[in-house]
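Shown here: entry30.cif, mmCIF, C-alpha atoms; chains and numbers go by the auth columns.
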```cif
data_upload
#
loop_
_atom_site.group_PDB
_atom_site.id
_atom_site.type_symbol
_atom_site.label_atom_id
_atom_site.label_comp_id
_atom_site.label_asym_id
_atom_site.label_seq_id
_atom_site.Cartn_x
_atom_site.Cartn_y
_atom_site.Cartn_z
_atom_site.B_iso_or_equiv
_atom_site.auth_seq_id
_atom_site.auth_asym_id
ATOM 1 C CA MET A 1 -83.961 -41.790 136.319 0.00 16 A
ATOM 2 C CA SER A 2 -83.424 -39.827 133.139 0.00 17 A
ATOM 3 C CA LYS A 3 -80.821 -42.306 131.867 0.00 18 A
ATOM 4 C CA THR A 4 -83.265 -45.179 132.289 0.00 19 A
ATOM 5 C CA ILE A 5 -85.884 -43.398 130.241 0.00 20 A
ATOM 6 C CA LYS A 6 -83.374 -42.508 127.535 0.00 21 A
ATOM 7 C CA ASN A 7 -82.257 -46.137 127.416 0.00 22 A
ATOM 8 C CA THR A 8 -85.879 -47.241 127.095 0.00 23 A
ATOM 9 C CA LEU A 9 -86.399 -44.863 124.196 0.00 24 A
ATOM 10 C CA LYS A 10 -83.203 -46.098 122.511 0.00 25 A
ATOM 11 C CA LEU A 11 -84.267 -49.716 122.933 0.00 26 A
ATOM 12 C CA THR A 12 -87.709 -48.949 121.531 0.00 27 A
ATOM 13 C CA ALA A 13 -86.171 -47.241 118.507 0.00 28 A
ATOM 14 C CA ALA A 14 -83.727 -50.126 118.033 0.00 29 A
ATOM 15 C CA ALA A 15 -86.548 -52.655 118.224 0.00 30 A
ATOM 16 C CA ALA A 16 -88.539 -50.719 115.651 0.00 31 A
ATOM 17 C CA SER A 17 -85.530 -50.570 113.350 0.00 32 A
ATOM 18 C CA LEU A 18 -84.927 -54.295 113.680 0.00 33 A
ATOM 19 C CA ALA A 19 -88.560 -55.019 112.918 0.00 34 A
ATOM 20 C CA VAL A 20 -88.390 -52.929 109.750 0.00 35 A
ATOM 21 C CA LEU A 21 -85.076 -54.428 108.676 0.00 36 A
ATOM 22 C CA ALA A 22 -86.281 -57.961 109.278 0.00 37 A
ATOM 23 C CA GLY A 23 -89.273 -57.364 107.040 0.00 38 A
ATOM 24 C CA CYS A 24 -91.648 -58.481 109.767 0.00 39 A
ATOM 25 C CA ALA A 25 -93.298 -55.136 110.181 0.00 40 A
ATOM 26 C CA SER A 26 -96.546 -54.321 108.511 0.00 41 A
ATOM 27 C CA THR A 27 -97.926 -50.807 108.324 0.00 42 A
ATOM 28 C CA GLY A 28 -100.061 -51.526 111.373 0.00 43 A
ATOM 29 C CA ALA A 29 -97.082 -52.847 113.312 0.00 44 A
ATOM 30 C CA LEU A 30 -95.035 -49.769 112.398 0.00 45 A
ATOM 31 C CA GLU A 31 -97.852 -47.531 113.579 0.00 46 A
ATOM 32 C CA GLU A 32 -98.007 -49.473 116.833 0.00 47 A
ATOM 33 C CA VAL A 33 -94.258 -49.095 117.347 0.00 48 A
ATOM 34 C CA ARG A 34 -94.490 -45.383 116.553 0.00 49 A
ATOM 35 C CA MET A 35 -97.299 -44.943 119.063 0.00 50 A
ATOM 36 C CA THR A 36 -95.338 -46.884 121.676 0.00 51 A
ATOM 37 C CA ALA A 37 -92.310 -44.664 121.076 0.00 52 A
ATOM 38 C CA GLU A 38 -94.448 -41.527 121.363 0.00 53 A
ATOM 39 C CA GLU A 39 -95.954 -42.799 124.619 0.00 54 A
ATOM 40 C CA ALA A 40 -92.488 -43.583 125.931 0.00 55 A
ATOM 41 C CA LYS A 41 -91.335 -40.088 124.969 0.00 56 A
ATOM 42 C CA ALA A 42 -94.323 -38.527 126.754 0.00 57 A
ATOM 43 C CA ASP A 43 -93.671 -40.682 129.825 0.00 58 A
ATOM 44 C CA ALA A 44 -90.018 -39.648 129.761 0.00 59 A
ATOM 45 C CA ALA A 45 -90.950 -35.968 129.580 0.00 60 A
ATOM 46 C CA GLN A 46 -93.355 -36.363 132.496 0.00 61 A
ATOM 47 C CA ALA A 47 -90.745 -38.241 134.541 0.00 62 A
ATOM 48 C CA ASN A 48 -88.186 -35.550 133.784 0.00 63 A
ATOM 49 C CA SER A 49 -90.611 -32.855 134.891 0.00 64 A
ATOM 50 C CA THR A 50 -91.362 -34.732 138.107 0.00 65 A
ATOM 51 C CA ALA A 51 -87.654 -35.209 138.775 0.00 66 A
ATOM 52 C CA ASN A 52 -87.009 -31.500 138.248 0.00 67 A
ATOM 53 C CA ARG A 53 -89.784 -30.575 140.691 0.00 68 A
ATOM 54 C CA ALA A 54 -88.372 -33.044 143.230 0.00 69 A
ATOM 55 C CA LEU A 55 -84.896 -31.555 142.795 0.00 70 A
ATOM 56 C CA ASN A 56 -86.241 -28.033 143.280 0.00 71 A
ATOM 57 C CA THR A 57 -88.072 -29.132 146.430 0.00 72 A
ATOM 58 C CA ALA A 58 -84.947 -30.824 147.770 0.00 73 A
ATOM 59 C CA ASN A 59 -82.846 -27.742 147.053 0.00 74 A
ATOM 60 C CA GLN A 60 -85.359 -25.530 148.885 0.00 75 A
ATOM 61 C CA ALA A 61 -85.372 -27.940 151.834 0.00 76 A
ATOM 62 C CA GLN A 62 -81.581 -27.805 151.954 0.00 77 A
ATOM 63 C CA ARG A 63 -81.622 -23.987 151.927 0.00 78 A
ATOM 64 C CA ASP A 64 -84.204 -23.986 154.714 0.00 79 A
ATOM 65 C CA ALA A 65 -82.149 -26.446 156.759 0.00 80 A
ATOM 66 C CA GLN A 66 -79.013 -24.350 156.324 0.00 81 A
ATOM 67 C CA ALA A 67 -80.893 -21.219 157.425 0.00 82 A
ATOM 68 C CA ALA A 68 -82.237 -23.050 160.461 0.00 83 A
ATOM 69 C CA MET A 69 -78.739 -24.272 161.321 0.00 84 A
ATOM 70 C CA GLN A 70 -77.380 -20.733 161.038 0.00 85 A
ATOM 71 C CA MET A 71 -80.138 -19.415 163.278 0.00 86 A
ATOM 72 C CA ALA A 72 -79.532 -22.174 165.827 0.00 87 A
ATOM 73 C CA GLN A 73 -75.815 -21.350 165.911 0.00 88 A
ATOM 74 C CA GLU A 74 -76.530 -17.652 166.383 0.00 89 A
ATOM 75 C CA ASN A 75 -78.980 -18.442 169.195 0.00 90 A
ATOM 76 C CA ARG A 76 -76.420 -20.711 170.831 0.00 91 A
ATOM 77 C CA GLN A 77 -73.793 -17.961 170.702 0.00 92 A
ATOM 78 C CA ALA A 78 -76.233 -15.446 172.190 0.00 93 A
ATOM 79 C CA MET A 79 -77.136 -17.858 174.977 0.00 94 A
ATOM 80 C CA ASP A 80 -73.452 -18.481 175.700 0.00 95 A
ATOM 81 C CA ARG A 81 -72.820 -14.737 175.934 0.00 96 A
ATOM 82 C CA MET A 82 -75.815 -14.287 178.254 0.00 97 A
ATOM 83 C CA PHE A 83 -74.619 -17.149 180.467 0.00 98 A
ATOM 84 C CA GLU A 84 -71.088 -15.710 180.646 0.00 99 A
ATOM 85 C CA ARG A 85 -72.482 -12.277 181.604 0.00 100 A
ATOM 86 C CA SER A 86 -74.623 -13.787 184.325 0.00 101 A
ATOM 87 C CA MET A 87 -71.671 -15.726 185.725 0.00 102 A
ATOM 88 C CA ARG A 88 -69.561 -12.534 185.984 0.00 103 A
ATOM 89 C CA LYS A 89 -72.104 -10.763 188.186 0.00 104 A
#
```
Same coordinates, now as structure tokens:
Amino acid sequence: MSKTIKNTLKLTAAAASLAVLAGCASTGALEEVRMTAEEAKADAAQANSTANRALNTANQAQRDAQAAMQMAQENRQAMDRMFERSMRK
């Protein structure tokens, strides 16, 4: 997702540069392009923040799943030992 936002910002900057170079940009148009670029930058920062939170949540979920798997394996081993003891009696 971050690459897409970076590409969008690059394209916005390139479009602004082309508009200036072509001589088609008035002061108002340049201000509009600048505002659009700033909005895109803010959107990119927000998307990056959201992606980081999602990654942190996913990492925590993975740690929890691994802990649960470990506990399940330990319980299984304990149950196997109990069953073996009961079969020897």
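Our summary of the geometry notes that CA of Thr51 in chain A is positioned 12.2 Å from CA of Lys25 in chain A.
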Nearest candidate to Glu54 in chain A (options A:Thr23, A:Ser41, A:Ala66, A:Gln92; using only C-alpha atoms): A:Thr23
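Taking CA of Leu45 in chain A as the reference point, CA of Asn63 in chain A is found at 26.6 Å.
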What separation in Å, quoted to one decimal, exists between CA of Asp95 in chain A and CA of Ala83 in chain A?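 Computed distance, CA of Asp95 in chain A to CA of Ala83 in chain A, equals 18.2 Å.
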Return the single residue from A:Lys18, A:Arg78, A:Ala44, A:Arg96 that is closest to Ala62 in chain A, with distances computed using all atoms listed in the file.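 Distance minimum relative to Ala62 in chain A lands on A:Lys18.
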